[in-house]
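Structure file coords.csv (CSV, N, CA and C atoms) follows.
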```csv
chain,number,residue,atom,x,y,z
A,1,MET,N,0.8,-1.2,0.0
A,1,MET,CA,0.0,0.0,0.0
A,1,MET,C,0.9,1.3,0.0
A,2,SER,N,1.9,1.2,0.8
A,2,SER,CA,2.8,2.4,0.8
A,2,SER,C,3.6,2.6,-0.4
A,3,ASP,N,3.5,3.8,-1.0
A,3,ASP,CA,4.3,4.1,-2.1
A,3,ASP,C,5.4,5.1,-1.7
A,4,ALA,N,5.5,5.3,-0.4
A,4,ALA,CA,6.5,6.2,0.1
A,4,ALA,C,7.8,5.3,0.4
A,5,PRO,N,8.9,5.7,-0.2
A,5,PRO,CA,10.2,5.0,0.0
A,5,PRO,C,10.5,5.0,1.5
A,6,GLY,N,10.9,3.8,2.0
A,6,GLY,CA,11.4,3.7,3.4
A,6,GLY,C,10.2,3.4,4.4
A,7,VAL,N,9.0,3.4,3.8
A,7,VAL,CA,7.8,3.2,4.7
A,7,VAL,C,7.2,1.8,4.3
A,8,SER,N,7.2,0.9,5.2
A,8,SER,CA,6.7,-0.4,4.9
A,8,SER,C,5.3,-0.6,5.4
A,9,GLU,N,4.6,-1.6,4.9
A,9,GLU,CA,3.2,-1.9,5.4
A,9,GLU,C,3.3,-3.0,6.4
A,10,VAL,N,2.6,-2.9,7.5
A,10,VAL,CA,2.5,-4.0,8.5
A,10,VAL,C,1.1,-4.5,8.6
A,11,THR,N,0.9,-5.7,9.1
A,11,THR,CA,-0.4,-6.3,9.1
A,11,THR,C,-0.6,-6.9,10.5
A,12,ASP,N,-1.8,-7.3,10.8
A,12,ASP,CA,-2.1,-8.0,12.0
A,12,ASP,C,-1.2,-9.1,12.3
A,13,ALA,N,-0.8,-9.9,11.2
A,13,ALA,CA,0.0,-11.0,11.3
A,13,ALA,C,1.5,-10.7,11.7
A,14,ASP,N,2.0,-9.6,11.3
A,14,ASP,CA,3.4,-9.3,11.6
A,14,ASP,C,3.7,-8.1,12.4
A,15,PHE,N,2.6,-7.6,13.0
A,15,PHE,CA,2.7,-6.4,13.8
A,15,PHE,C,3.6,-6.6,15.0
A,16,ALA,N,3.5,-7.7,15.7
A,16,ALA,CA,4.3,-7.9,16.9
A,16,ALA,C,5.8,-7.9,16.5
A,17,ARG,N,6.1,-8.6,15.4
A,17,ARG,CA,7.5,-8.7,15.0
A,17,ARG,C,8.0,-7.4,14.5
A,18,GLN,N,7.3,-6.7,13.7
A,18,GLN,CA,7.7,-5.5,13.0
A,18,GLN,C,7.7,-4.3,13.9
A,19,VAL,N,6.8,-4.2,14.8
A,19,VAL,CA,6.6,-3.0,15.6
A,19,VAL,C,7.0,-3.2,17.1
A,20,LEU,N,6.3,-4.2,17.7
A,20,LEU,CA,6.5,-4.4,19.2
A,20,LEU,C,7.9,-4.9,19.5
A,21,ALA,N,8.5,-5.7,18.6
A,21,ALA,CA,9.9,-6.2,18.9
A,21,ALA,C,11.0,-5.4,18.2
A,22,ALA,N,10.6,-4.2,17.6
A,22,ALA,CA,11.6,-3.4,16.9
A,22,ALA,C,12.6,-2.8,17.9
A,23,GLU,N,13.9,-2.7,17.5
A,23,GLU,CA,14.9,-2.1,18.4
A,23,GLU,C,14.7,-0.5,18.4
A,24,LEU,N,14.3,0.0,17.3
A,24,LEU,CA,14.1,1.5,17.2
A,24,LEU,C,12.7,1.9,17.6
A,25,PRO,N,12.4,3.1,18.0
A,25,PRO,CA,11.1,3.6,18.1
A,25,PRO,C,10.4,3.4,16.7
A,26,VAL,N,9.1,3.1,16.7
A,26,VAL,CA,8.3,2.9,15.5
A,26,VAL,C,7.1,3.8,15.4
A,27,LEU,N,7.0,4.6,14.3
A,27,LEU,CA,5.9,5.4,14.1
A,27,LEU,C,4.9,4.6,13.2
A,28,VAL,N,3.7,4.3,13.7
A,28,VAL,CA,2.7,3.6,12.9
A,28,VAL,C,1.7,4.5,12.5
A,29,GLU,N,1.4,4.6,11.1
A,29,GLU,CA,0.3,5.4,10.7
A,29,GLU,C,-0.8,4.4,10.4
A,30,PHE,N,-2.0,4.6,11.1
A,30,PHE,CA,-3.2,3.8,10.9
A,30,PHE,C,-3.9,4.5,9.7
A,31,THR,N,-4.0,3.9,8.6
A,31,THR,CA,-4.5,4.5,7.4
A,31,THR,C,-5.6,3.7,6.7
A,32,ALA,N,-6.2,4.3,5.7
A,32,ALA,CA,-7.2,3.6,4.9
A,32,ALA,C,-7.1,4.2,3.4
A,33,ASP,N,-7.4,3.3,2.5
A,33,ASP,CA,-7.4,3.7,1.1
A,33,ASP,C,-8.4,4.8,0.8
A,34,TRP,N,-9.5,4.9,1.5
A,34,TRP,CA,-10.5,5.9,1.2
A,34,TRP,C,-10.3,7.2,2.0
A,35,CYS,N,-9.1,7.4,2.6
A,35,CYS,CA,-8.9,8.5,3.5
A,35,CYS,C,-7.9,9.5,2.7
A,36,PRO,N,-8.5,10.6,2.2
A,36,PRO,CA,-7.6,11.6,1.5
A,36,PRO,C,-6.5,12.2,2.4
A,37,PRO,N,-6.7,12.5,3.7
A,37,PRO,CA,-5.6,13.0,4.5
A,37,PRO,C,-4.5,12.0,4.7
A,38,CYS,N,-4.9,10.7,4.7
A,38,CYS,CA,-3.9,9.6,4.8
A,38,CYS,C,-3.0,9.6,3.5
A,39,ARG,N,-3.6,9.8,2.4
A,39,ARG,CA,-2.8,9.8,1.1
A,39,ARG,C,-1.9,11.0,1.1
A,40,GLN,N,-2.3,12.1,1.7
A,40,GLN,CA,-1.4,13.3,1.7
A,40,GLN,C,-0.2,13.0,2.6
A,41,MET,N,-0.3,12.1,3.6
A,41,MET,CA,0.8,11.9,4.5
A,41,MET,C,1.9,11.0,3.9
A,42,GLY,N,1.7,10.4,2.7
A,42,GLY,CA,2.7,9.5,2.1
A,42,GLY,C,4.0,10.2,1.9
A,43,PRO,N,4.0,11.4,1.2
A,43,PRO,CA,5.3,12.0,1.0
A,43,PRO,C,6.0,12.5,2.3
A,44,VAL,N,5.2,12.9,3.2
A,44,VAL,CA,5.7,13.4,4.5
A,44,VAL,C,6.4,12.2,5.3
A,45,LEU,N,5.7,11.0,5.3
A,45,LEU,CA,6.2,9.9,5.9
A,45,LEU,C,7.5,9.4,5.2
A,46,GLY,N,7.5,9.4,3.9
A,46,GLY,CA,8.7,9.0,3.2
A,46,GLY,C,9.9,9.9,3.5
A,47,ALA,N,9.7,11.2,3.5
A,47,ALA,CA,10.7,12.1,3.9
A,47,ALA,C,11.2,11.9,5.3
A,48,LEU,N,10.3,11.7,6.2
A,48,LEU,CA,10.6,11.4,7.6
A,48,LEU,C,11.4,10.1,7.8
A,49,ALA,N,11.0,9.1,7.1
A,49,ALA,CA,11.7,7.8,7.1
A,49,ALA,C,13.1,8.0,6.6
A,50,ALA,N,13.3,8.8,5.6
A,50,ALA,CA,14.7,9.0,5.0
A,50,ALA,C,15.5,9.8,6.0
A,51,GLU,N,15.0,10.9,6.5
A,51,GLU,CA,15.7,11.8,7.4
A,51,GLU,C,16.1,11.1,8.8
A,52,GLU,N,15.2,10.3,9.3
A,52,GLU,CA,15.4,9.7,10.6
A,52,GLU,C,15.8,8.2,10.5
A,53,ALA,N,16.2,7.8,9.4
A,53,ALA,CA,16.7,6.4,9.3
A,53,ALA,C,17.8,6.2,10.3
A,54,GLY,N,17.7,5.0,11.0
A,54,GLY,CA,18.7,4.8,12.1
A,54,GLY,C,18.2,5.2,13.5
A,55,ARG,N,17.2,6.1,13.5
A,55,ARG,CA,16.6,6.6,14.7
A,55,ARG,C,15.1,6.3,14.9
A,56,LEU,N,14.4,6.0,13.7
A,56,LEU,CA,13.0,5.8,13.7
A,56,LEU,C,12.6,4.9,12.6
A,57,LYS,N,11.7,4.0,12.8
A,57,LYS,CA,11.2,3.1,11.8
A,57,LYS,C,9.8,3.6,11.5
A,58,VAL,N,9.4,3.8,10.3
A,58,VAL,CA,8.1,4.3,9.9
A,58,VAL,C,7.3,3.2,9.1
A,59,VAL,N,6.1,2.9,9.6
A,59,VAL,CA,5.3,1.9,8.9
A,59,VAL,C,3.8,2.4,8.8
A,60,GLN,N,3.1,1.7,8.0
A,60,GLN,CA,1.7,2.0,7.8
A,60,GLN,C,0.9,0.7,8.0
A,61,LEU,N,-0.3,0.8,8.6
A,61,LEU,CA,-1.2,-0.3,8.8
A,61,LEU,C,-2.6,0.1,8.3
A,62,ASN,N,-3.1,-0.7,7.3
A,62,ASN,CA,-4.4,-0.4,6.7
A,62,ASN,C,-5.4,-0.9,7.7
A,63,VAL,N,-6.3,0.0,8.1
A,63,VAL,CA,-7.3,-0.4,9.1
A,63,VAL,C,-8.4,-1.3,8.6
A,64,ASP,N,-8.7,-1.2,7.3
A,64,ASP,CA,-9.7,-2.1,6.7
A,64,ASP,C,-9.3,-3.5,6.6
A,65,ARG,N,-8.0,-3.7,6.3
A,65,ARG,CA,-7.4,-5.1,6.1
A,65,ARG,C,-6.9,-5.7,7.4
A,66,ASN,N,-6.8,-4.8,8.5
A,66,ASN,CA,-6.1,-5.3,9.7
A,66,ASN,C,-7.0,-4.9,10.9
A,67,PRO,N,-8.1,-5.4,11.1
A,67,PRO,CA,-9.0,-5.0,12.2
A,67,PRO,C,-8.6,-5.4,13.6
A,68,ASP,N,-7.8,-6.4,13.7
A,68,ASP,CA,-7.4,-6.9,15.1
A,68,ASP,C,-6.5,-5.8,15.8
A,69,ILE,N,-5.5,-5.4,15.1
A,69,ILE,CA,-4.6,-4.4,15.7
A,69,ILE,C,-5.3,-3.0,15.8
A,70,THR,N,-6.1,-2.7,14.8
A,70,THR,CA,-6.8,-1.4,14.8
A,70,THR,C,-7.7,-1.4,16.1
A,71,ASN,N,-8.5,-2.5,16.3
A,71,ASN,CA,-9.3,-2.5,17.5
A,71,ASN,C,-8.6,-2.6,18.8
A,72,ALA,N,-7.5,-3.3,18.8
A,72,ALA,CA,-6.7,-3.5,20.0
A,72,ALA,C,-6.2,-2.1,20.6
A,73,TYR,N,-5.9,-1.2,19.6
A,73,TYR,CA,-5.4,0.1,20.1
A,73,TYR,C,-6.5,1.2,20.0
A,74,LYS,N,-7.8,0.7,19.8
A,74,LYS,CA,-8.9,1.6,19.8
A,74,LYS,C,-8.8,2.8,18.8
A,75,VAL,N,-8.3,2.5,17.6
A,75,VAL,CA,-8.1,3.5,16.6
A,75,VAL,C,-9.5,3.8,15.9
A,76,LEU,N,-10.0,5.0,16.0
A,76,LEU,CA,-11.3,5.3,15.4
A,76,LEU,C,-11.2,6.3,14.3
A,77,SER,N,-10.1,7.1,14.2
A,77,SER,CA,-10.0,8.2,13.2
A,77,SER,C,-8.8,7.9,12.4
A,78,MET,N,-8.9,8.4,11.1
A,78,MET,CA,-7.7,8.2,10.2
A,78,MET,C,-7.3,9.6,9.7
A,79,PRO,N,-6.0,9.9,9.6
A,79,PRO,CA,-4.9,9.0,10.1
A,79,PRO,C,-4.7,9.2,11.6
A,80,THR,N,-4.4,8.1,12.2
A,80,THR,CA,-3.9,8.1,13.6
A,80,THR,C,-2.5,7.6,13.6
A,81,PHE,N,-1.7,8.3,14.4
A,81,PHE,CA,-0.2,7.9,14.5
A,81,PHE,C,0.0,7.5,15.9
A,82,LEU,N,0.6,6.3,16.0
A,82,LEU,CA,1.0,5.8,17.3
A,82,LEU,C,2.5,5.6,17.3
A,83,VAL,N,3.2,6.0,18.3
A,83,VAL,CA,4.7,5.8,18.4
A,83,VAL,C,4.9,4.7,19.4
A,84,PHE,N,5.6,3.7,19.1
A,84,PHE,CA,5.9,2.6,19.9
A,84,PHE,C,7.4,2.6,20.3
A,85,ARG,N,7.7,2.4,21.5
A,85,ARG,CA,9.1,2.3,22.0
A,85,ARG,C,9.1,1.1,23.0
A,86,ASP,N,10.0,0.2,22.8
A,86,ASP,CA,10.2,-1.0,23.6
A,86,ASP,C,8.8,-1.7,23.8
A,87,GLY,N,8.1,-1.8,22.6
A,87,GLY,CA,6.9,-2.6,22.6
A,87,GLY,C,5.6,-1.9,23.2
A,88,GLU,N,5.8,-0.7,23.6
A,88,GLU,CA,4.7,0.0,24.3
A,88,GLU,C,4.4,1.3,23.5
A,89,PRO,N,3.1,1.7,23.4
A,89,PRO,CA,2.7,2.9,22.7
A,89,PRO,C,3.1,4.1,23.7
A,90,VAL,N,3.8,5.1,23.2
A,90,VAL,CA,4.3,6.2,24.0
A,90,VAL,C,3.7,7.5,23.6
A,91,ARG,N,3.1,7.6,22.4
A,91,ARG,CA,2.6,8.8,21.9
A,91,ARG,C,1.5,8.5,20.9
A,92,SER,N,0.4,9.3,20.9
A,92,SER,CA,-0.7,9.2,20.0
A,92,SER,C,-1.0,10.5,19.4
A,93,MET,N,-1.2,10.6,18.1
A,93,MET,CA,-1.5,11.8,17.4
A,93,MET,C,-2.6,11.5,16.4
A,94,VAL,N,-3.6,12.3,16.2
A,94,VAL,CA,-4.7,12.1,15.3
A,94,VAL,C,-4.7,13.2,14.3
A,95,GLY,N,-4.8,12.9,13.0
A,95,GLY,CA,-4.9,13.9,11.9
A,95,GLY,C,-3.6,14.1,11.2
A,96,ALA,N,-3.8,14.5,9.9
A,96,ALA,CA,-2.6,14.8,9.1
A,96,ALA,C,-1.9,16.0,9.7
A,97,ARG,N,-0.6,16.1,9.4
A,97,ARG,CA,0.2,17.2,9.9
A,97,ARG,C,1.4,17.3,9.0
A,98,ALA,N,2.0,18.5,9.0
A,98,ALA,CA,3.2,18.8,8.3
A,98,ALA,C,4.4,18.1,8.9
A,99,LYS,N,5.4,17.9,8.1
A,99,LYS,CA,6.6,17.2,8.6
A,99,LYS,C,7.2,17.9,9.8
A,100,ARG,N,7.3,19.2,9.7
A,100,ARG,CA,7.9,20.0,10.8
A,100,ARG,C,7.2,19.7,12.1
A,101,ARG,N,5.8,19.8,12.0
A,101,ARG,CA,5.1,19.5,13.3
A,101,ARG,C,5.2,18.1,13.8
A,102,LEU,N,5.2,17.1,12.8
A,102,LEU,CA,5.4,15.7,13.2
A,102,LEU,C,6.8,15.5,13.9
A,103,LEU,N,7.8,16.1,13.3
A,103,LEU,CA,9.2,16.0,13.9
A,103,LEU,C,9.2,16.6,15.3
A,104,ALA,N,8.5,17.8,15.5
A,104,ALA,CA,8.5,18.4,16.8
A,104,ALA,C,7.8,17.5,17.8
A,105,GLU,N,6.7,16.9,17.4
A,105,GLU,CA,6.0,16.0,18.3
A,105,GLU,C,6.7,14.7,18.6
A,106,LEU,N,7.7,14.3,17.7
A,106,LEU,CA,8.4,13.1,17.9
A,106,LEU,C,9.8,13.4,18.7
A,107,ALA,N,10.1,14.6,18.8
A,107,ALA,CA,11.5,14.9,19.3
A,107,ALA,C,11.8,14.2,20.7
A,108,ASP,N,10.9,14.2,21.6
A,108,ASP,CA,11.2,13.6,22.9
A,108,ASP,C,11.1,12.1,23.0
A,109,VAL,N,10.6,11.5,21.9
A,109,VAL,CA,10.6,10.0,21.9
A,109,VAL,C,11.7,9.4,21.0
A,110,LEU,N,12.4,10.2,20.3
A,110,LEU,CA,13.5,9.7,19.4
A,110,LEU,C,14.8,9.6,20.3
A,111,PRO,N,15.6,8.6,20.0
A,111,PRO,CA,16.9,8.5,20.7
A,111,PRO,C,17.7,9.7,20.3
A,112,ARG,N,18.5,10.2,21.2
A,112,ARG,CA,19.4,11.3,20.9
A,112,ARG,C,20.5,10.7,19.9
A,113,GLU,N,20.9,11.6,19.0
A,113,GLU,CA,22.0,11.2,18.1
A,113,GLU,C,23.3,11.1,18.9
A,114,ALA,N,24.0,10.0,18.6
A,114,ALA,CA,25.3,9.8,19.2
A,114,ALA,C,26.3,10.8,18.7
A,115,ALA,N,27.2,11.2,19.7
A,115,ALA,CA,28.2,12.2,19.3
A,115,ALA,C,29.2,11.4,18.4
A,116,PRO,N,29.7,12.2,17.4
A,116,PRO,CA,30.7,11.5,16.5
A,116,PRO,C,31.9,11.1,17.3
A,117,PRO,N,32.6,10.0,16.8
A,117,PRO,CA,33.8,9.6,17.5
A,117,PRO,C,34.8,10.7,17.7
A,118,GLY,N,35.4,10.8,18.8
A,118,GLY,CA,36.4,11.8,19.1
A,118,GLY,C,35.8,13.2,19.5
A,119,ALA,N,34.5,13.3,19.5
A,119,ALA,CA,33.9,14.6,19.9
A,119,ALA,C,34.0,14.8,21.4
A,120,VAL,N,34.2,16.0,21.8
A,120,VAL,CA,34.3,16.4,23.2
A,120,VAL,C,32.9,16.7,23.6
A,121,THR,N,32.4,16.0,24.7
A,121,THR,CA,31.1,16.3,25.2
A,121,THR,C,31.3,16.9,26.6
A,122,SER,N,30.4,17.8,27.0
A,122,SER,CA,30.5,18.4,28.3
A,122,SER,C,29.2,18.3,29.0
```

Go ahead and render the structure in this file as structure tokens.
Amino acid sequence: MSDAPGVSEVTDADFARQVLAAELPVLVEFTADWCPPCRQMGPVLGALAAEEAGRLKVVQLNVDRNPDITNAYKVLSMPTFLVFRDGEPVRSMVGARAKRRLLAELADVLPREAAPPGAVTS
């Protein structure tokens, strides 16, 4: 479903492996084919996946084809974004948003970038 590079689709069947067991924080967009704001998020999510590669995994879950996970997290509106870290949801956001706003809302859940080797930290 995702035509955004770097954004993969997850399903009820592989959600635990792809999201809950992921080493990185995971941004899950709960989306639907019939949802225009969801389609608008494709380029934003693709850019976010590219910029934050190594710090954040970005995936999409189609609510119509994956009712078990959708119902388990009580997702009612599209798009809904859930951020998972260490197998637990740590942030929820509803509605389309610009990349800058999305980055700001994710800032405190993303791991800090490691200092380059040899850098002096104080």

Do you know which residues are at most 6 Å from range 91-104 of chain A counting all atoms listed in the file, after dropping those on the same chain fewer than 4 positions away, and could you put them as a compact mmCIF listing (two decimals) with N, CA and C atoms, keeping the file's coordinate frame?
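Heads up, here's the output in part36.txt:
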```
# COMPACT_ATOMS: atom_id res chain seq x y z
N PRO A 37 -6.70 12.50 3.70
CA PRO A 37 -5.60 13.00 4.50
C PRO A 37 -4.50 12.00 4.70
N VAL A 44 5.20 12.90 3.20
CA VAL A 44 5.70 13.40 4.50
C VAL A 44 6.40 12.20 5.30
N MET A 78 -8.90 8.40 11.10
CA MET A 78 -7.70 8.20 10.20
C MET A 78 -7.30 9.60 9.70
N PRO A 79 -6.00 9.90 9.60
CA PRO A 79 -4.90 9.00 10.10
C PRO A 79 -4.70 9.20 11.60
N THR A 80 -4.40 8.10 12.20
CA THR A 80 -3.90 8.10 13.60
C THR A 80 -2.50 7.60 13.60
N PHE A 81 -1.70 8.30 14.40
CA PHE A 81 -0.20 7.90 14.50
C PHE A 81 0.00 7.50 15.90
N LEU A 82 0.60 6.30 16.00
CA LEU A 82 1.00 5.80 17.30
C LEU A 82 2.50 5.60 17.30
N VAL A 83 3.20 6.00 18.30
CA VAL A 83 4.70 5.80 18.40
C VAL A 83 4.90 4.70 19.40
N PHE A 84 5.60 3.70 19.10
CA PHE A 84 5.90 2.60 19.90
C PHE A 84 7.40 2.60 20.30
N ASP A 108 10.90 14.20 21.60
CA ASP A 108 11.20 13.60 22.90
C ASP A 108 11.10 12.10 23.00
```

Which residue out of A:Val10, A:Pro5, A:Leu20, A:Arg112 has the minimum interatomic distance to Glu88 in chain A when only N, CA and C atoms are used?
A:Leu20

If I take atom C of Val109 in chain A and atom C of Phe15 in chain A, how far is one from the other in Å, to one decimal?
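Atom-to-atom, atom C of Val109 in chain A and atom C of Phe15 in chain A are spaced 18.9 Å apart.
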
Place a sphere of radius 6.5 Å on (8.4, 4.7, 6.0) in the file coordinates and name every protein, DNA or RNA residue with an atom inside or on its surface, counting all atoms listed in the file; give the answer as a PyMOL selection string.
chain A and resi 4-8+45-46+48-50+57-60

Atoms to include: N, CA and C atoms. Write the selected residues as a short mmCIF file (atom, residue, chain, number, x, y, z; two decimals), in the frame of the given file.
```cif
data_model
loop_
_atom_site.label_atom_id
_atom_site.label_comp_id
_atom_site.auth_asym_id
_atom_site.auth_seq_id
_atom_site.Cartn_x
_atom_site.Cartn_y
_atom_site.Cartn_z
N ALA A 4 5.50 5.30 -0.40
CA ALA A 4 6.50 6.20 0.10
C ALA A 4 7.80 5.30 0.40
N PRO A 5 8.90 5.70 -0.20
CA PRO A 5 10.20 5.00 0.00
C PRO A 5 10.50 5.00 1.50
N GLY A 6 10.90 3.80 2.00
CA GLY A 6 11.40 3.70 3.40
C GLY A 6 10.20 3.40 4.40
N VAL A 7 9.00 3.40 3.80
CA VAL A 7 7.80 3.20 4.70
C VAL A 7 7.20 1.80 4.30
N SER A 8 7.20 0.90 5.20
CA SER A 8 6.70 -0.40 4.90
C SER A 8 5.30 -0.60 5.40
N LEU A 45 5.70 11.00 5.30
CA LEU A 45 6.20 9.90 5.90
C LEU A 45 7.50 9.40 5.20
N GLY A 46 7.50 9.40 3.90
CA GLY A 46 8.70 9.00 3.20
C GLY A 46 9.90 9.90 3.50
N LEU A 48 10.30 11.70 6.20
CA LEU A 48 10.60 11.40 7.60
C LEU A 48 11.40 10.10 7.80
N ALA A 49 11.00 9.10 7.10
CA ALA A 49 11.70 7.80 7.10
C ALA A 49 13.10 8.00 6.60
N ALA A 50 13.30 8.80 5.60
CA ALA A 50 14.70 9.00 5.00
C ALA A 50 15.50 9.80 6.00
N LYS A 57 11.70 4.00 12.80
CA LYS A 57 11.20 3.10 11.80
C LYS A 57 9.80 3.60 11.50
N VAL A 58 9.40 3.80 10.30
CA VAL A 58 8.10 4.30 9.90
C VAL A 58 7.30 3.20 9.10
N VAL A 59 6.10 2.90 9.60
CA VAL A 59 5.30 1.90 8.90
C VAL A 59 3.80 2.40 8.80
N GLN A 60 3.10 1.70 8.00
CA GLN A 60 1.70 2.00 7.80
C GLN A 60 0.90 0.70 8.00
#
```

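As for CA of Met41 in chain A and CA of Val26 in chain A, they are spaced 16.1 Å apart.
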
Shell of 10 Å around Ala21 in chain A, only C-alpha atoms, local chain residues under 2 positions omitted, as a PyMOL selection string:
chain A and resi 15-19+23-26+84-88

Separation of atom N of Leu110 in chain A from CA of Glu52 in chain A in Å
10.2 Å

I'd like to know which residues of range 25-76 of chain A are helix (DSSP H, G or I) (by DSSP, run on the backbone); could you write them as a VMD selection string?
chain A and resid 36 to 51 67 to 72

Run DSSP on the backbone of this structure and report the residues of range 10-114 of chain A it assigns to strand (DSSP E), as a PyMOL selection string.
chain A and resi 10+26-31+57-62+80-85+88-94

Let me make sure I understand: among A:Thr31, A:Glu51, A:Pro36, A:Leu106, which one has the smallest atom-to-atom distance to Arg65 in chain A if we use only N, CA and C atoms?
A:Thr31
